[in-house]
Each structure stands twice: as structure tokens, then as C-alpha cells.
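Report on the following structure.
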Amino acid sequence: MLGNPWVWAILGYLLGSIPFGLLLTKAAGLGDIRSIGSGNIGATNVLRTGNKALAAATLLLDGGKGAVAVLLAAQFSADAAVLAGAGAFVGHLFPVWLKFKGGKGVATYIGVTAALAIWPAVGFAVAWLATAFITRYSSLGALVAVIVTPIVAFYTDRLDMAALGVGMAALVYFKHTDNIVRLMRGEESRIGSKKKAAEDGEE
């Protein structure tokens, strides 16, 4: 059964659906993360609790679940790895446990990409860091990086990763609609800004 790549798509989805941000904040006695800030379950919103350690743990676990799904599936086939990564990413965005209302996917995107191919992951990191450094917009950094990633994958002959990257990028943009609107209006919070915008955040 595990030799069937589509089984890994399902397993990846279930793994990706684990809402670590929600579980960690509840375990820490901070209540339901969905009731504060943007209402998102990702690391950016967890940071609004004031607990940096929990936010860092959420970031690592959300990225880690994507990487673990890929690495486990890769023991069977390259196709299984790609499908597991896609499943984990979709699971984070649309978790069955939370009525399909999940995070924005950036951390899981990074985990999936890094586990599949190193150069696209390097491309993501360089694009995000450069854009965020120049503009001080974290969300814009992510939006640029998810475009750069499949381009790097294409030019490094990882066509499977390029195709997956395009699909994931489309979903990242969909989940960042509010951020895009604020960027266009000049209302998005910059890195280091003291401005409080409850709806901001990449995750």
C-alpha cells in the first residue's frame, strides 16, 4: 500500500493538517490562537501571544511536518515524495480538523521545498531575505520567494519541483489576498514597525 504514491498524498495531508500553533498555545494555557490577532494558526500569529519560544516552535514544526512527509515518502519513490509534499502543504492550508481553515503555508512551503531539492530552497531563502531587507515587508518577501523557487527548480532540472512550486505559489497568493491588498494600499506593517495590525502576518 505504501508503494502507491497517492497513499502518500493522503498521509501527507493528514500530517500537514496537524495545527501545531493551536495545539502549542492551548497546551501553554494561552487559549485559542484563532481568537487573537489575525485568527491564523501560524507562527506569526502565535508571536502575538508574546511567547517567542512558542512562535519559533510553531515555525519549526510547521516546516518540519512538510519536510517529514517528503522524506518519509521519498523512501518509496520520487513521485510519492512530491505528492506527500503537496498533501502536507494543502493540509496546512485546509486542515480537516479545523473545518478547512488553516494557515497561510509559508513555513510548510519551506519545509517541503528544502526536503525535495536544496537549490530551490536556497533560492527561496535568498529571495525572501533580499526582498525583506530592501522593503522591510515580510509578506512581500514570501510572495517574491514563492515565485523565485519554481524558477530555480526549473533551471536546475527539477521539473517536478517546479510544477509543485507553481501550484503551491498560487495557493500562497490566494491565502495572502489581504496582505496583497494592504501592500497595494501601503498599509502593510513593516518588519520592526511598532504598528499593530491584527490581520497582518504571513502565517
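Identifiers for the C-alpha cells are assigned positionally: chains receive A, B, ... in sequence, residues are indexed from 1 per chain, and ligands are indexed from 1 in the order shown.
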- Task: Would you mind writing down, as a ChimeraX atom specification, each residue of range 21-98 of chain A that DSSP on the backbone assigns to alpha helix (DSSP H)?
- Result: /A:21-27,43-47,52-73,78-93
For the contact check between range 8-121 of chain A and range 164-171 of chain A, emit one row per residue of range 8-121 of chain A within 9 Å, containing the shortest atom pair and the distance in Å rounded to one decimal, counting only C-alpha atoms, chain then rising number order, as a tab-separated table.
```
residue	atom	partner	partner_atom	distance
A:Val82	CA	A:Leu164	CA	7.4
A:Leu83	CA	A:Leu164	CA	8.7
A:Gly85	CA	A:Leu164	CA	8.6
A:Ala86	CA	A:Leu164	CA	7.0
A:Phe89	CA	A:Met168	CA	7.5
A:Val90	CA	A:Met168	CA	8.3
A:Leu93	CA	A:Leu171	CA	8.4
A:Lys104	CA	A:Leu171	CA	8.4
A:Gly105	CA	A:Leu171	CA	8.3
A:Tyr109	CA	A:Met168	CA	7.3
A:Thr113	CA	A:Gly165	CA	8.0
```
Serialized selection, C-alpha atoms, as a CSV table (one decimal), in the first residue's frame:
```
chain,number,residue,atom,x,y,z
A,82,VAL,CA,6.3,15.2,-4.4
A,83,LEU,CA,2.7,14.1,-3.7
A,85,GLY,CA,4.8,17.4,0.0
A,86,ALA,CA,1.8,18.6,-1.9
A,89,PHE,CA,1.1,21.8,2.2
A,90,VAL,CA,-2.6,21.6,1.3
A,93,LEU,CA,-3.8,25.4,4.5
A,104,LYS,CA,-1.0,30.7,5.0
A,105,GLY,CA,1.5,28.0,4.2
A,109,TYR,CA,6.2,25.5,1.8
A,113,THR,CA,10.9,22.6,-0.7
```
- Query: With only C-alpha atoms as the basis for distance, which of A:Pro5, A:Pro19, A:Gly63, A:Gly50 is at the shortest distance from Val112 in chain A?
  - Reply: A:Gly63
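The nearest approach to Ile118 in chain A among the residues A:Gly21, A:Met161, A:Lys99, A:Leu2, with only C-alpha atoms taken into account, belongs to A:Met161.
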- Query: Within 12 Å of range 34-47 of chain A, counting only C-alpha atoms, which residues qualify if same-chain residues fewer than 3 places away don't, as a ChimeraX atom specification?
  - Reply: /A:17-26,28,30-31,50-63,92-95,98,100-108,138-139,175-176,178-179,191,196-203
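Counting only C-alpha atoms and comparing A:Ala74, A:Ala162, A:Val122, A:Leu11, the residue that lies closest to Gly91 in chain A is A:Leu11.
Across the structure, CA of Val172 in chain A and CA of Tyr13 in chain A are spaced 16.4 Å apart.
We find CA of Leu140 in chain A and CA of Pro120 in chain A to be spaced 18.0 Å apart.
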Could you give me, as a PDB file with all heavy atoms, in the first residue's frame, the residues within 10 Å of Trp128 in chain A, counting only C-alpha atoms and dropping anything in the same chain fewer than 2 positions from it?
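In the end it all went to selection.pdb:
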```
ATOM      1  N   VAL A 122      17.341  27.232  -1.431  1.00  0.00           N
ATOM      2  CA  VAL A 122      18.304  28.334  -1.332  1.00  0.00           C
ATOM      3  C   VAL A 122      17.754  29.559  -2.061  1.00  0.00           C
ATOM      4  O   VAL A 122      17.868  30.692  -1.579  1.00  0.00           O
ATOM      5  CB  VAL A 122      19.664  27.925  -1.931  1.00  0.00           C
ATOM      6  CG1 VAL A 122      20.601  29.133  -2.047  1.00  0.00           C
ATOM      7  CG2 VAL A 122      20.315  26.847  -1.067  1.00  0.00           C
ATOM      8  N   GLY A 123      17.148  29.320  -3.225  1.00  0.00           N
ATOM      9  CA  GLY A 123      16.541  30.414  -3.971  1.00  0.00           C
ATOM     10  C   GLY A 123      15.468  31.115  -3.167  1.00  0.00           C
ATOM     11  O   GLY A 123      15.381  32.356  -3.166  1.00  0.00           O
ATOM     12  N   PHE A 124      14.644  30.335  -2.477  1.00  0.00           N
ATOM     13  CA  PHE A 124      13.610  30.910  -1.616  1.00  0.00           C
ATOM     14  C   PHE A 124      14.246  31.788  -0.551  1.00  0.00           C
ATOM     15  O   PHE A 124      13.817  32.939  -0.341  1.00  0.00           O
ATOM     16  CB  PHE A 124      12.784  29.805  -0.955  1.00  0.00           C
ATOM     17  CG  PHE A 124      11.685  30.317  -0.066  1.00  0.00           C
ATOM     18  CD1 PHE A 124      10.374  30.340  -0.518  1.00  0.00           C
ATOM     19  CD2 PHE A 124      11.943  30.808   1.220  1.00  0.00           C
ATOM     20  CE1 PHE A 124       9.343  30.830   0.282  1.00  0.00           C
ATOM     21  CE2 PHE A 124      10.940  31.299   2.021  1.00  0.00           C
ATOM     22  CZ  PHE A 124       9.635  31.312   1.554  1.00  0.00           C
ATOM     23  N   ALA A 125      15.250  31.265   0.132  1.00  0.00           N
ATOM     24  CA  ALA A 125      15.876  31.991   1.237  1.00  0.00           C
ATOM     25  C   ALA A 125      16.503  33.301   0.763  1.00  0.00           C
ATOM     26  O   ALA A 125      16.325  34.357   1.395  1.00  0.00           O
ATOM     27  CB  ALA A 125      16.928  31.111   1.908  1.00  0.00           C
ATOM     28  N   VAL A 126      17.218  33.242  -0.354  1.00  0.00           N
ATOM     29  CA  VAL A 126      17.875  34.441  -0.869  1.00  0.00           C
ATOM     30  C   VAL A 126      16.835  35.486  -1.290  1.00  0.00           C
ATOM     31  O   VAL A 126      16.971  36.675  -0.982  1.00  0.00           O
ATOM     32  CB  VAL A 126      18.790  34.092  -2.059  1.00  0.00           C
ATOM     33  CG1 VAL A 126      19.298  35.354  -2.745  1.00  0.00           C
ATOM     34  CG2 VAL A 126      19.967  33.241  -1.591  1.00  0.00           C
ATOM     35  N   ALA A 130      16.478  39.049   0.625  1.00  0.00           N
ATOM     36  CA  ALA A 130      16.767  40.260  -0.147  1.00  0.00           C
ATOM     37  C   ALA A 130      15.557  41.190  -0.181  1.00  0.00           C
ATOM     38  O   ALA A 130      15.680  42.403   0.052  1.00  0.00           O
ATOM     39  CB  ALA A 130      17.193  39.882  -1.567  1.00  0.00           C
ATOM     40  N   THR A 131      14.389  40.619  -0.453  1.00  0.00           N
ATOM     41  CA  THR A 131      13.173  41.441  -0.538  1.00  0.00           C
ATOM     42  C   THR A 131      12.812  42.034   0.816  1.00  0.00           C
ATOM     43  O   THR A 131      12.468  43.221   0.910  1.00  0.00           O
ATOM     44  CB  THR A 131      11.992  40.600  -1.063  1.00  0.00           C
ATOM     45  OG1 THR A 131      12.344  40.019  -2.317  1.00  0.00           O
ATOM     46  CG2 THR A 131      10.757  41.459  -1.241  1.00  0.00           C
ATOM     47  N   ALA A 132      12.885  41.220   1.854  1.00  0.00           N
ATOM     48  CA  ALA A 132      12.545  41.710   3.189  1.00  0.00           C
ATOM     49  C   ALA A 132      13.532  42.770   3.658  1.00  0.00           C
ATOM     50  O   ALA A 132      13.148  43.753   4.300  1.00  0.00           O
ATOM     51  CB  ALA A 132      12.511  40.544   4.173  1.00  0.00           C
ATOM     52  N   PHE A 133      14.812  42.597   3.320  1.00  0.00           N
ATOM     53  CA  PHE A 133      15.838  43.570   3.722  1.00  0.00           C
ATOM     54  C   PHE A 133      15.616  44.910   3.023  1.00  0.00           C
ATOM     55  O   PHE A 133      15.707  45.966   3.635  1.00  0.00           O
ATOM     56  CB  PHE A 133      17.230  43.036   3.393  1.00  0.00           C
ATOM     57  CG  PHE A 133      18.344  43.984   3.728  1.00  0.00           C
ATOM     58  CD1 PHE A 133      18.778  44.132   5.034  1.00  0.00           C
ATOM     59  CD2 PHE A 133      18.948  44.761   2.731  1.00  0.00           C
ATOM     60  CE1 PHE A 133      19.795  45.027   5.355  1.00  0.00           C
ATOM     61  CE2 PHE A 133      19.960  45.645   3.035  1.00  0.00           C
ATOM     62  CZ  PHE A 133      20.390  45.792   4.353  1.00  0.00           C
ATOM     63  N   ILE A 134      15.297  44.848   1.729  1.00  0.00           N
ATOM     64  CA  ILE A 134      15.127  46.071   0.946  1.00  0.00           C
ATOM     65  C   ILE A 134      13.824  46.791   1.284  1.00  0.00           C
ATOM     66  O   ILE A 134      13.791  48.017   1.449  1.00  0.00           O
ATOM     67  CB  ILE A 134      15.178  45.752  -0.561  1.00  0.00           C
ATOM     68  CG1 ILE A 134      16.584  45.274  -0.950  1.00  0.00           C
ATOM     69  CG2 ILE A 134      14.789  46.970  -1.396  1.00  0.00           C
ATOM     70  CD1 ILE A 134      16.669  44.689  -2.346  1.00  0.00           C
ATOM     71  N   TYR A 137       9.161  44.397   4.210  1.00  0.00           N
ATOM     72  CA  TYR A 137       7.862  43.726   4.211  1.00  0.00           C
ATOM     73  C   TYR A 137       8.098  42.208   4.206  1.00  0.00           C
ATOM     74  O   TYR A 137       8.552  41.652   3.211  1.00  0.00           O
ATOM     75  CB  TYR A 137       7.042  44.089   2.979  1.00  0.00           C
ATOM     76  CG  TYR A 137       6.465  45.483   2.975  1.00  0.00           C
ATOM     77  CD1 TYR A 137       6.739  46.350   1.927  1.00  0.00           C
ATOM     78  CD2 TYR A 137       5.615  45.910   3.994  1.00  0.00           C
ATOM     79  CE1 TYR A 137       6.197  47.627   1.893  1.00  0.00           C
ATOM     80  CE2 TYR A 137       5.072  47.195   3.972  1.00  0.00           C
ATOM     81  CZ  TYR A 137       5.377  48.045   2.923  1.00  0.00           C
ATOM     82  OH  TYR A 137       4.832  49.307   2.898  1.00  0.00           O
ATOM     83  N   SER A 138       7.774  41.551   5.302  1.00  0.00           N
ATOM     84  CA  SER A 138       7.952  40.108   5.373  1.00  0.00           C
ATOM     85  C   SER A 138       7.029  39.391   4.391  1.00  0.00           C
ATOM     86  O   SER A 138       7.427  38.444   3.717  1.00  0.00           O
ATOM     87  CB  SER A 138       7.669  39.621   6.797  1.00  0.00           C
ATOM     88  OG  SER A 138       7.794  38.215   6.881  1.00  0.00           O
ATOM     89  N   SER A 139       5.788  39.857   4.308  1.00  0.00           N
ATOM     90  CA  SER A 139       4.830  39.213   3.413  1.00  0.00           C
ATOM     91  C   SER A 139       5.257  39.335   1.958  1.00  0.00           C
ATOM     92  O   SER A 139       5.142  38.384   1.183  1.00  0.00           O
ATOM     93  CB  SER A 139       3.435  39.822   3.597  1.00  0.00           C
ATOM     94  OG  SER A 139       3.461  41.219   3.367  1.00  0.00           O
ATOM     95  N   LEU A 140       5.780  40.493   1.569  1.00  0.00           N
ATOM     96  CA  LEU A 140       6.249  40.675   0.192  1.00  0.00           C
ATOM     97  C   LEU A 140       7.437  39.761  -0.078  1.00  0.00           C
ATOM     98  O   LEU A 140       7.570  39.211  -1.183  1.00  0.00           O
ATOM     99  CB  LEU A 140       6.635  42.140  -0.048  1.00  0.00           C
ATOM    100  CG  LEU A 140       7.089  42.480  -1.473  1.00  0.00           C
ATOM    101  CD1 LEU A 140       5.996  42.142  -2.481  1.00  0.00           C
ATOM    102  CD2 LEU A 140       7.484  43.958  -1.562  1.00  0.00           C
ATOM    103  N   GLY A 141       8.290  39.591   0.935  1.00  0.00           N
ATOM    104  CA  GLY A 141       9.416  38.666   0.787  1.00  0.00           C
ATOM    105  C   GLY A 141       8.940  37.269   0.458  1.00  0.00           C
ATOM    106  O   GLY A 141       9.479  36.601  -0.429  1.00  0.00           O
ATOM    107  N   ALA A 142       7.897  36.822   1.157  1.00  0.00           N
ATOM    108  CA  ALA A 142       7.350  35.491   0.908  1.00  0.00           C
ATOM    109  C   ALA A 142       6.725  35.402  -0.478  1.00  0.00           C
ATOM    110  O   ALA A 142       6.900  34.405  -1.193  1.00  0.00           O
ATOM    111  CB  ALA A 142       6.312  35.143   1.975  1.00  0.00           C
ATOM    112  N   LEU A 143       6.012  36.442  -0.881  1.00  0.00           N
ATOM    113  CA  LEU A 143       5.338  36.435  -2.183  1.00  0.00           C
ATOM    114  C   LEU A 143       6.337  36.418  -3.331  1.00  0.00           C
ATOM    115  O   LEU A 143       6.102  35.780  -4.361  1.00  0.00           O
ATOM    116  CB  LEU A 143       4.414  37.654  -2.287  1.00  0.00           C
ATOM    117  CG  LEU A 143       3.199  37.636  -1.364  1.00  0.00           C
ATOM    118  CD1 LEU A 143       2.502  38.993  -1.353  1.00  0.00           C
ATOM    119  CD2 LEU A 143       2.220  36.533  -1.763  1.00  0.00           C
ATOM    120  N   VAL A 144       7.454  37.100  -3.167  1.00  0.00           N
ATOM    121  CA  VAL A 144       8.504  37.070  -4.193  1.00  0.00           C
ATOM    122  C   VAL A 144       9.204  35.717  -4.176  1.00  0.00           C
ATOM    123  O   VAL A 144       9.473  35.118  -5.228  1.00  0.00           O
ATOM    124  CB  VAL A 144       9.524  38.207  -3.956  1.00  0.00           C
ATOM    125  CG1 VAL A 144      10.739  38.037  -4.885  1.00  0.00           C
ATOM    126  CG2 VAL A 144       8.876  39.566  -4.181  1.00  0.00           C
ATOM    127  N   ALA A 145       9.483  35.219  -2.988  1.00  0.00           N
ATOM    128  CA  ALA A 145      10.238  33.976  -2.855  1.00  0.00           C
ATOM    129  C   ALA A 145       9.523  32.773  -3.459  1.00  0.00           C
ATOM    130  O   ALA A 145      10.154  31.900  -4.060  1.00  0.00           O
ATOM    131  CB  ALA A 145      10.548  33.711  -1.381  1.00  0.00           C
ATOM    132  N   VAL A 146       8.194  32.724  -3.324  1.00  0.00           N
ATOM    133  CA  VAL A 146       7.470  31.567  -3.865  1.00  0.00           C
ATOM    134  C   VAL A 146       7.398  31.608  -5.394  1.00  0.00           C
ATOM    135  O   VAL A 146       7.082  30.597  -6.023  1.00  0.00           O
ATOM    136  CB  VAL A 146       6.046  31.431  -3.269  1.00  0.00           C
ATOM    137  CG1 VAL A 146       6.115  31.187  -1.770  1.00  0.00           C
ATOM    138  CG2 VAL A 146       5.172  32.625  -3.596  1.00  0.00           C
ATOM    139  N   VAL A 148      10.191  32.858  -7.144  1.00  0.00           N
ATOM    140  CA  VAL A 148      11.581  32.527  -7.479  1.00  0.00           C
ATOM    141  C   VAL A 148      11.835  31.028  -7.374  1.00  0.00           C
ATOM    142  O   VAL A 148      12.548  30.441  -8.198  1.00  0.00           O
ATOM    143  CB  VAL A 148      12.548  33.305  -6.563  1.00  0.00           C
ATOM    144  CG1 VAL A 148      13.988  32.799  -6.723  1.00  0.00           C
ATOM    145  CG2 VAL A 148      12.478  34.798  -6.874  1.00  0.00           C
TER     146      VAL A 148
END
```
